[in-house]
file upload-v8.cif (mmCIF, C-alpha atoms)
data_my_file
loop_
_atom_site.label_atom_id
_atom_site.label_comp_id
_atom_site.auth_asym_id
_atom_site.auth_seq_id
_atom_site.Cartn_x
_atom_site.Cartn_y
_atom_site.Cartn_z
CA MET B 1 -2.58 11.98 -27.09
CA SER B 2 -4.46 8.97 -25.73
CA THR B 3 -2.93 6.74 -23.08
CA SER B 4 -2.82 3.83 -25.52
CA MET B 5 -0.47 5.85 -27.75
CA ILE B 6 1.96 6.80 -24.99
CA GLU B 7 5.24 4.92 -24.95
CA PRO B 8 8.24 4.97 -22.61
CA GLY B 9 10.33 8.07 -23.26
CA ALA B 10 7.35 10.36 -23.80
CA ARG B 11 7.43 13.69 -21.94
CA LEU B 12 4.56 15.50 -20.27
CA ALA B 13 4.57 19.24 -19.61
CA GLY B 14 8.10 19.33 -21.02
CA ARG B 15 9.58 17.84 -17.83
CA TYR B 16 8.09 14.48 -16.80
CA ARG B 17 9.74 11.66 -18.76
CA LEU B 18 7.76 8.40 -18.65
CA ASP B 19 10.34 5.66 -18.08
CA GLU B 20 8.41 2.46 -17.35
CA LEU B 21 4.78 1.37 -17.41
CA VAL B 22 4.17 -0.21 -14.00
CA SER B 23 0.49 -1.10 -14.13
CA GLN B 24 -2.78 -0.38 -15.87
CA THR B 25 -6.35 -0.15 -14.63
CA GLU B 26 -9.50 0.70 -16.51
CA GLY B 27 -8.97 4.13 -18.03
CA ALA B 28 -5.61 4.86 -16.41
CA SER B 29 -1.94 3.88 -16.50
CA PHE B 30 0.65 4.16 -13.74
CA TRP B 31 4.23 5.04 -14.71
CA LYS B 32 7.65 5.23 -13.14
CA ALA B 33 8.91 8.57 -14.40
CA THR B 34 11.59 11.21 -13.99
CA ASP B 35 11.04 14.88 -13.23
CA GLU B 36 13.86 16.20 -15.38
CA THR B 37 13.57 19.70 -13.94
CA LEU B 38 14.26 18.55 -10.37
CA ALA B 39 16.17 15.36 -11.31
CA ARG B 40 14.05 13.03 -9.18
CA LEU B 41 11.93 9.95 -9.64
CA VAL B 42 8.18 10.50 -9.61
CA ALA B 43 5.06 8.44 -10.19
CA VAL B 44 2.70 9.52 -12.95
CA TRP B 45 -0.90 8.61 -13.71
CA THR B 46 -2.06 9.14 -17.28
CA PHE B 47 -5.64 8.76 -18.42
CA THR B 48 -7.20 7.28 -21.53
CA GLU B 49 -8.79 9.74 -23.94
CA GLY B 50 -12.49 9.94 -23.16
CA PHE B 51 -12.14 8.41 -19.68
CA PRO B 52 -15.18 9.89 -17.91
CA ARG B 53 -13.58 10.32 -14.48
CA THR B 54 -10.37 12.11 -15.45
CA ALA B 55 -11.54 15.49 -14.15
CA ASP B 56 -12.64 13.90 -10.85
CA ALA B 57 -9.25 12.21 -10.40
CA VAL B 58 -7.33 15.42 -11.11
CA ARG B 59 -9.57 17.41 -8.79
CA ALA B 60 -9.13 14.83 -6.01
CA ALA B 61 -5.35 14.83 -6.50
CA ARG B 62 -5.23 18.60 -6.09
CA ALA B 63 -7.28 18.34 -2.92
CA THR B 64 -5.04 15.57 -1.58
CA SER B 65 -1.96 17.76 -2.11
CA ARG B 66 -3.32 20.10 0.56
CA ILE B 67 -3.51 17.48 3.34
CA ALA B 68 -1.00 18.41 6.05
CA ASP B 69 0.27 14.92 6.90
CA SER B 70 3.60 13.51 5.77
CA ARG B 71 2.11 10.01 5.72
CA VAL B 72 -0.06 10.95 2.73
CA THR B 73 1.56 10.28 -0.63
CA GLN B 74 2.57 13.70 -1.92
CA VAL B 75 0.95 15.05 -5.09
CA PHE B 76 3.32 17.34 -7.02
CA ASP B 77 1.31 18.22 -10.10
CA ALA B 78 -2.06 17.52 -11.71
CA ASP B 79 -3.46 18.79 -14.98
CA ASP B 80 -6.34 17.91 -17.28
CA ALA B 81 -6.17 20.91 -19.62
CA GLY B 82 -3.61 19.51 -22.06
CA PRO B 83 -3.76 16.70 -24.61
CA THR B 84 -2.63 14.13 -22.02
CA PRO B 85 -4.19 14.55 -18.57
CA TYR B 86 -1.91 13.46 -15.75
CA VAL B 87 -1.28 13.34 -12.02
CA VAL B 88 2.30 13.41 -10.69
CA GLU B 89 2.94 11.87 -7.28
CA GLU B 90 5.77 11.01 -4.94
CA TRP B 91 7.57 7.80 -5.96
CA VAL B 92 7.25 5.77 -2.75
CA VAL B 93 9.83 3.04 -2.22
CA GLY B 94 9.18 0.43 0.42
CA GLN B 95 7.12 -2.60 1.37
CA SER B 96 3.37 -2.78 1.26
CA LEU B 97 1.44 -4.57 3.98
CA THR B 98 1.02 -7.38 1.45
CA ASP B 99 4.82 -7.68 1.21
CA LEU B 100 5.23 -7.55 4.98
CA LEU B 101 2.83 -10.46 5.39
CA LYS B 102 4.65 -12.79 2.99
CA GLN B 103 6.17 -14.63 5.95
CA GLY B 104 3.06 -14.58 8.14
CA PRO B 105 1.23 -12.17 10.45
CA LEU B 106 2.95 -9.32 12.26
CA GLN B 107 3.48 -9.15 15.98
CA PRO B 108 0.22 -7.74 17.41
CA GLU B 109 1.69 -4.49 18.76
CA ARG B 110 3.45 -3.78 15.47
CA ALA B 111 0.30 -4.61 13.49
CA ALA B 112 -1.75 -2.25 15.65
CA GLY B 113 0.90 0.48 15.46
CA LEU B 114 0.94 0.34 11.67
CA VAL B 115 -2.85 0.58 11.42
CA ALA B 116 -2.98 3.27 14.11
CA GLU B 117 -0.81 5.51 11.94
CA ALA B 118 -3.01 4.82 8.94
CA ALA B 119 -6.08 5.68 11.04
CA GLU B 120 -4.53 8.98 12.13
CA THR B 121 -3.71 9.79 8.52
CA LEU B 122 -7.22 9.06 7.32
CA ALA B 123 -8.71 11.02 10.21
CA THR B 124 -6.78 14.06 8.99
CA ALA B 125 -7.94 13.46 5.41
CA ASN B 126 -11.57 12.91 6.45
CA ALA B 127 -11.52 16.25 8.26
CA THR B 128 -10.84 17.94 4.91
CA GLY B 129 -13.64 16.04 3.18
CA LEU B 130 -11.42 13.43 1.53
CA PHE B 131 -11.89 9.67 1.95
CA HIS B 132 -10.18 6.55 0.67
CA LEU B 133 -13.01 4.02 0.17
CA ASN B 134 -10.68 1.46 -1.40
CA LEU B 135 -8.31 0.36 1.36
CA THR B 136 -6.36 -2.81 0.62
CA PRO B 137 -3.01 -4.07 1.98
CA ASP B 138 -1.21 -2.67 -1.08
CA LYS B 139 -2.17 0.86 -0.04
CA LEU B 140 -0.40 0.77 3.33
CA ILE B 141 3.36 1.14 2.93
CA TRP B 142 6.36 0.89 5.22
CA SER B 143 8.85 3.08 3.37
CA VAL B 144 12.59 2.60 3.02
CA GLY B 145 12.95 5.75 5.12
CA GLY B 146 11.20 4.02 8.03
CA ALA B 147 7.85 5.77 7.82
CA VAL B 148 4.24 4.88 7.11
CA LYS B 149 2.76 5.98 3.79
CA LEU B 150 -0.87 5.66 2.76
CA THR B 151 -1.49 5.79 -0.97
CA GLY B 152 -4.67 6.45 -2.94
CA ILE B 153 -6.48 8.89 -0.64
CA GLY B 154 -9.11 10.72 -2.67
CA VAL B 155 -7.68 9.69 -6.01
CA ASP B 156 -8.57 5.98 -5.85
CA ALA B 157 -12.24 6.63 -5.20
CA ALA B 158 -12.44 9.34 -7.85
CA GLN B 159 -10.64 7.29 -10.48
CA ARG B 160 -12.74 4.17 -9.86
CA GLY B 161 -16.05 5.93 -9.34
CA ILE B 162 -16.45 4.63 -5.78
CA ALA B 163 -18.91 6.35 -3.48
CA ALA B 164 -20.40 5.55 -0.07
CA GLU B 165 -23.38 6.81 1.85
CA HIS B 166 -21.29 6.87 5.03
CA PRO B 167 -17.71 7.36 3.81
CA ALA B 168 -16.10 7.77 7.25
CA ARG B 169 -17.62 4.49 8.37
CA GLU B 170 -16.45 2.85 5.14
CA ASP B 171 -12.90 3.99 5.86
CA ALA B 172 -13.18 2.68 9.44
CA GLN B 173 -14.23 -0.71 8.03
CA GLY B 174 -11.30 -0.64 5.61
CA LEU B 175 -8.88 0.06 8.45
CA GLY B 176 -10.42 -2.77 10.45
CA ARG B 177 -9.79 -5.13 7.54
CA LEU B 178 -6.17 -3.98 7.41
CA LEU B 179 -5.84 -4.74 11.11
CA TYR B 180 -7.37 -8.19 10.56
CA ALA B 181 -4.85 -8.83 7.78
CA ALA B 182 -1.89 -7.57 9.80
CA LEU B 183 -2.84 -9.76 12.77
CA THR B 184 -3.63 -12.93 10.81
CA GLY B 185 -2.04 -12.79 7.35
CA HIS B 186 -5.51 -13.28 5.81
CA TRP B 187 -7.79 -10.81 4.02
CA PRO B 188 -11.43 -10.55 5.22
CA GLY B 189 -12.73 -8.11 2.66
CA PRO B 190 -13.45 -7.54 -1.04
CA GLY B 191 -10.97 -6.44 -3.68
CA ARG B 192 -8.11 -7.97 -5.59
CA VAL B 193 -5.63 -8.85 -2.84
CA GLU B 194 -2.59 -11.12 -2.90
CA LEU B 195 -3.32 -12.66 0.49
CA PRO B 196 -5.25 -15.81 1.35
CA PRO B 197 -8.90 -15.09 2.17
CA ALA B 198 -10.01 -15.16 5.77
CA PRO B 199 -11.38 -18.54 6.89
CA LEU B 200 -15.18 -18.48 7.02
CA VAL B 201 -17.79 -20.06 9.23
CA ASP B 202 -21.34 -19.78 7.87
CA GLY B 203 -20.08 -17.12 5.47
CA VAL B 204 -18.58 -14.97 8.25
CA PRO B 205 -14.80 -14.46 8.70
CA ARG B 206 -13.46 -16.16 11.80
CA ARG B 207 -12.32 -13.70 14.42
CA PRO B 208 -8.55 -13.01 14.46
CA ALA B 209 -7.92 -14.77 17.78
CA LEU B 210 -9.09 -18.05 16.22
CA VAL B 211 -6.95 -17.62 13.10
CA ALA B 212 -3.61 -16.53 14.59
CA ASN B 213 -1.83 -17.20 17.86
CA GLY B 214 -1.41 -14.49 20.46
CA VAL B 215 -3.95 -11.91 19.28
CA PRO B 216 -4.84 -9.78 22.34
CA PRO B 217 -8.56 -9.68 23.18
CA ARG B 218 -8.73 -5.90 22.75
CA PHE B 219 -7.44 -6.09 19.15
CA ASP B 220 -9.71 -9.05 18.44
CA GLU B 221 -12.72 -7.06 19.62
CA LEU B 222 -11.60 -3.89 17.82
CA VAL B 223 -11.49 -5.76 14.51
CA GLY B 224 -15.07 -6.87 15.09
CA ARG B 225 -16.20 -3.34 15.97
CA SER B 226 -14.52 -1.77 12.93
CA ALA B 227 -14.21 -4.23 10.04
CA PHE B 228 -17.58 -5.87 10.74
CA GLN B 229 -19.37 -3.09 12.67
CA ALA B 230 -20.20 -5.61 15.40
CA PRO B 231 -22.19 -4.19 18.36
CA VAL B 232 -19.75 -5.44 21.01
CA GLY B 233 -17.91 -3.52 23.72
CA PRO B 234 -18.44 0.23 23.28
CA GLY B 235 -20.15 -0.47 19.95
CA PRO B 236 -19.22 -0.13 16.26
CA VAL B 237 -16.33 2.13 15.25
CA GLY B 238 -17.79 4.76 12.95
CA SER B 239 -14.74 6.65 11.69
CA PRO B 240 -10.95 6.58 11.37
CA ARG B 241 -10.80 9.15 14.19
CA GLU B 242 -12.58 6.74 16.54
CA LEU B 243 -10.22 3.93 15.56
CA ALA B 244 -7.18 6.15 16.07
CA GLU B 245 -8.46 7.06 19.54
CA ALA B 246 -9.00 3.39 20.37
CA LEU B 247 -5.35 2.73 19.46
CA ALA B 248 -3.94 5.90 21.00
CA ASP B 249 -1.91 3.99 23.60
CA VAL B 250 -0.29 1.62 21.11
CA PRO B 251 3.45 2.35 20.71
CA ARG B 252 4.27 3.89 17.35
CA LEU B 253 6.59 2.05 15.01
CA VAL B 254 10.34 2.01 15.39
CA PRO B 255 12.18 2.02 12.04
CA ILE B 256 13.54 -1.36 11.00
CA PRO B 257 15.97 -2.20 8.19
CA VAL B 258 14.41 -2.47 4.75
CA SER B 259 16.22 -3.95 1.78
CA PRO B 260 17.96 -1.23 -0.29
CA ALA B 261 16.64 -3.03 -3.35
CA ALA B 262 13.04 -2.48 -2.25
CA ALA B 263 10.83 -1.71 -5.19
CA PRO B 264 8.25 1.10 -5.44
CA ALA B 265 4.94 0.87 -3.69
CA ALA B 266 2.67 0.95 -6.70
CA PRO B 267 -0.96 0.02 -7.29
CA PRO B 268 -1.72 -3.71 -7.61
CA PRO B 269 -0.05 -4.66 -10.90
CA GLU B 270 -2.15 -5.91 -13.77
CA ARG B 271 0.88 -7.39 -15.48
CA GLY B 272 2.53 -9.52 -12.80
CA THR B 273 5.22 -7.19 -11.41
CA SER B 274 6.61 -8.17 -8.01
CA ARG B 275 7.45 -6.18 -4.90
CA ASN B 276 8.63 -8.96 -2.57
CA THR B 277 11.51 -7.15 -0.90
CA GLY B 278 11.94 -8.34 2.65
CA GLN B 279 10.06 -8.98 5.85
CA MET B 280 9.21 -7.74 9.32
CA PRO B 281 9.18 -9.88 12.45
CA SER B 282 6.19 -12.20 12.47
CA THR B 283 4.42 -14.59 14.77
CA GLU B 284 3.29 -18.12 14.07
CA HIS B 285 -0.36 -18.43 13.13
CA ARG B 286 -2.97 -21.12 12.85
CA SER B 287 -6.25 -21.77 11.15
CA GLY B 288 -9.06 -23.99 12.24
CA GLY B 289 -10.74 -24.63 15.54
CA GLY B 290 -14.38 -25.16 16.27
CA ARG B 291 -17.12 -22.65 16.48
CA GLY B 292 -18.23 -21.92 20.03
CA ARG B 293 -18.64 -19.27 22.66
CA ASP B 294 -16.18 -17.49 24.87
CA ARG B 295 -16.48 -17.12 28.60
CA GLY B 296 -18.60 -14.02 28.23
CA GLY B 297 -21.21 -15.96 26.27
CA ARG B 298 -20.52 -14.21 22.94
CA SER B 299 -20.06 -16.05 19.69
CA ARG B 300 -16.45 -16.74 18.79
CA GLU B 301 -17.25 -15.45 15.32
CA PHE B 302 -18.62 -11.99 14.62
CA GLY B 303 -22.25 -13.07 14.89
CA ASP B 304 -24.40 -12.37 11.88
CA VAL B 305 -22.57 -9.15 11.06
CA ARG B 306 -21.04 -9.52 7.60
CA PRO B 307 -18.67 -7.24 5.68
CA ARG B 308 -20.55 -4.50 3.89
CA ARG B 309 -19.84 -1.48 1.73
CA GLY B 310 -21.11 2.00 1.94
CA GLY B 311 -23.22 1.78 5.07
#
call {"tool": "encode", "arguments": {"input": "upload-v8.cif", "output": "structure tokens"}}
result
Amino acid sequence: MSTSMIEPGARLAGRYRLDELVSQTEGASFWKATDETLARLVAVWTFTEGFPRTADAVRAARATSRIADSRVTQVFDADDAGPTPYVVEEWVVGQSLTDLLKQGPLQPERAAGLVAEAAETLATANATGLFHLNLTPDKLIWSVGGAVKLTGIGVDAAQRGIAAEHPAREDAQGLGRLLYAALTGHWPGPGRVELPPAPLVDGVPRRPALVANGVPPRFDELVGRSAFQAPVGPGPVGSPRELAEALADVPRLVPIPVSPAAAPAAPPPERGTSRNTGQMPSTEHRSGGGRGRDRGGRSREFGDVRPRRGG
């Protein structure tokens, strides 16, 4: 059965009932579903007949299921031997970083705490040989249960055919971009993201401290060292482990109320679904300001270092 022939109500493996098509990407569809055996909501990926990366996605999902970190989206089942290949995951309900930034940037300590947890999660995954390589604000979730969830580890890269010469460094850059977004409300990287792009000067994103009020110098510098691999301070951050260590003293997040009506944290929808379900405390922010140098003589931008992929 090809993905294009699947309709709501179809069952996979005699137990997973596909209830609602949430989004579609090239070669794959993402469903809200019910595990009728355990009477719980689940998320299901199905793959188009002939999709060349189905086996890679299923293999990556099985590997992800073995990561010992509760912040990784759980994988319950994965199979490519039957007529309809599928991956069954935890149905995560909460707010993505995109949702949290609807009202503006987060308070710096909360922004850093959120990214610190993501960095710790990816460090654990990297140690098992799994990488993300496609980090965007929709992948970082603050769940209704008051916990961080990171979606797409392993599976995103496999499904989309993404590779990198230096994958740990690529993940460090992705985390740095998430920190930039959390601090400023702007996105400094590639990808389809529902946030305004970072302001540029000579093609280079302005540093966070010149985009938002109150960004501490250490976080401003850390964004440069990770997202843009700038040779400042101790030098570029080369892995999620290094970023987690740089944020080791940041207080971890305290649960805050999340709307009971919060919708699932799903991949970026192709069909216009919405997940705007609430907000976290935010600070005022600003754009603009002239290019110049700080008291240490360094450029207020990130020099000539530009975002890059794969090393």
call {"tool": "closest_residue", "arguments": {"input": "upload-v8.cif", "among": "B:Val72, B:Ala33, B:Val22, B:Ile6", "to": "B:Glu49", "atoms": "only C-alpha atoms"}}
result
B:Ile6
call {"tool": "resolve_selection", "arguments": {"input": "upload-v8.cif", "expression": "the PyMOL selection byres ((chain B and resi 148) around 9)", "output": "VMD selection string"}}
result
chain B and resid 70 to 72 114 117 to 118 140 to 143 145 to 147 149 to 150 253
call {"tool": "resolve_selection", "arguments": {"input": "upload-v8.cif", "expression": "the PyMOL selection byres ((chain B and resi 74-80) around 10)", "output": "ChimeraX atom specification"}}
result
/B:13,42-47,54-73,81-92,149-151
call {"tool": "residues_near_point", "arguments": {"input": "upload-v8.cif", "point": "(-18.5, 7.1, 0.6)", "cutoff": "10 Å", "atoms": "all atoms listed in the file", "output": "list in words"}}
result
Leu130, Phe131, His132, Leu133, Asn134, Ala157, Ile162, Ala163, Ala164, Glu165, His166, Pro167, Ala168, Arg169, Glu170, Asp171, Arg309, Gly310 and Gly311 of chain B
call {"tool": "resolve_selection", "arguments": {"input": "upload-v8.cif", "expression": "the PyMOL selection byres ((chain B and resi 225) around 12)", "output": "PyMOL selection string"}}
result
chain B and resi 169+172-177+179-180+207+218-224+226-239+242-243+246+302-303+305-307
call {"tool": "closest_residue", "arguments": {"input": "upload-v8.cif", "among": "B:Val204, B:Arg241, B:Leu41, B:Met5", "to": "B:Thr121", "atoms": "all atoms listed in the file"}}
result
B:Arg241
call {"tool": "atom_distance", "arguments": {"input": "upload-v8.cif", "atom1": "atom CA of B:Pro190", "atom2": "atom CA of B:Leu135"}}
result
9.7 Å
call {"tool": "closest_residue", "arguments": {"input": "upload-v8.cif", "among": "B:Pro8, B:Ser23, B:Leu100, B:Gly14", "to": "B:Glu36", "atoms": "only C-alpha atoms"}}
result
B:Gly14
call {"tool": "atom_distance", "arguments": {"input": "upload-v8.cif", "atom1": "atom CA of B:Thr136", "atom2": "atom CA of B:Ala248"}}
result
22.3 Å
call {"tool": "atom_distance", "arguments": {"input": "upload-v8.cif", "atom1": "atom CA of B:Leu18", "atom2": "atom CA of B:Gly154"}}
result
23.4 Å
call {"tool": "closest_residue", "arguments": {"input": "upload-v8.cif", "among": "B:Pro108, B:Pro217, B:Gly50, B:Gly161", "to": "B:Pro251", "atoms": "all atoms listed in the file"}}
result
B:Pro108
call {"tool": "closest_residue", "arguments": {"input": "upload-v8.cif", "among": "B:Pro52, B:Gly27, B:Gly129, B:Gly185", "to": "B:Asn213", "atoms": "all atoms listed in the file"}}
result
B:Gly185
call {"tool": "residues_near_point", "arguments": {"input": "upload-v8.cif", "point": "(-8.0, -14.9, 7.5)", "cutoff": "12 Å", "atoms": "all atoms listed in the file", "output": "CSV table (one decimal) with C-alpha atoms, in the coordinates of the input"}}
result
chain,number,residue,atom,x,y,z
B,101,LEU,CA,2.8,-10.5,5.4
B,104,GLY,CA,3.1,-14.6,8.1
B,105,PRO,CA,1.2,-12.2,10.4
B,177,ARG,CA,-9.8,-5.1,7.5
B,178,LEU,CA,-6.2,-4.0,7.4
B,179,LEU,CA,-5.8,-4.7,11.1
B,180,TYR,CA,-7.4,-8.2,10.6
B,181,ALA,CA,-4.8,-8.8,7.8
B,182,ALA,CA,-1.9,-7.6,9.8
B,183,LEU,CA,-2.8,-9.8,12.8
B,184,THR,CA,-3.6,-12.9,10.8
B,185,GLY,CA,-2.0,-12.8,7.4
B,186,HIS,CA,-5.5,-13.3,5.8
B,187,TRP,CA,-7.8,-10.8,4.0
B,188,PRO,CA,-11.4,-10.6,5.2
B,189,GLY,CA,-12.7,-8.1,2.7
B,195,LEU,CA,-3.3,-12.7,0.5
B,196,PRO,CA,-5.2,-15.8,1.4
B,197,PRO,CA,-8.9,-15.1,2.2
B,198,ALA,CA,-10.0,-15.2,5.8
B,199,PRO,CA,-11.4,-18.5,6.9
B,200,LEU,CA,-15.2,-18.5,7.0
B,201,VAL,CA,-17.8,-20.1,9.2
B,204,VAL,CA,-18.6,-15.0,8.2
B,205,PRO,CA,-14.8,-14.5,8.7
B,206,ARG,CA,-13.5,-16.2,11.8
B,207,ARG,CA,-12.3,-13.7,14.4
B,208,PRO,CA,-8.6,-13.0,14.5
B,209,ALA,CA,-7.9,-14.8,17.8
B,210,LEU,CA,-9.1,-18.0,16.2
B,211,VAL,CA,-7.0,-17.6,13.1
B,212,ALA,CA,-3.6,-16.5,14.6
B,285,HIS,CA,-0.4,-18.4,13.1
B,286,ARG,CA,-3.0,-21.1,12.8
B,287,SER,CA,-6.2,-21.8,11.2
B,288,GLY,CA,-9.1,-24.0,12.2
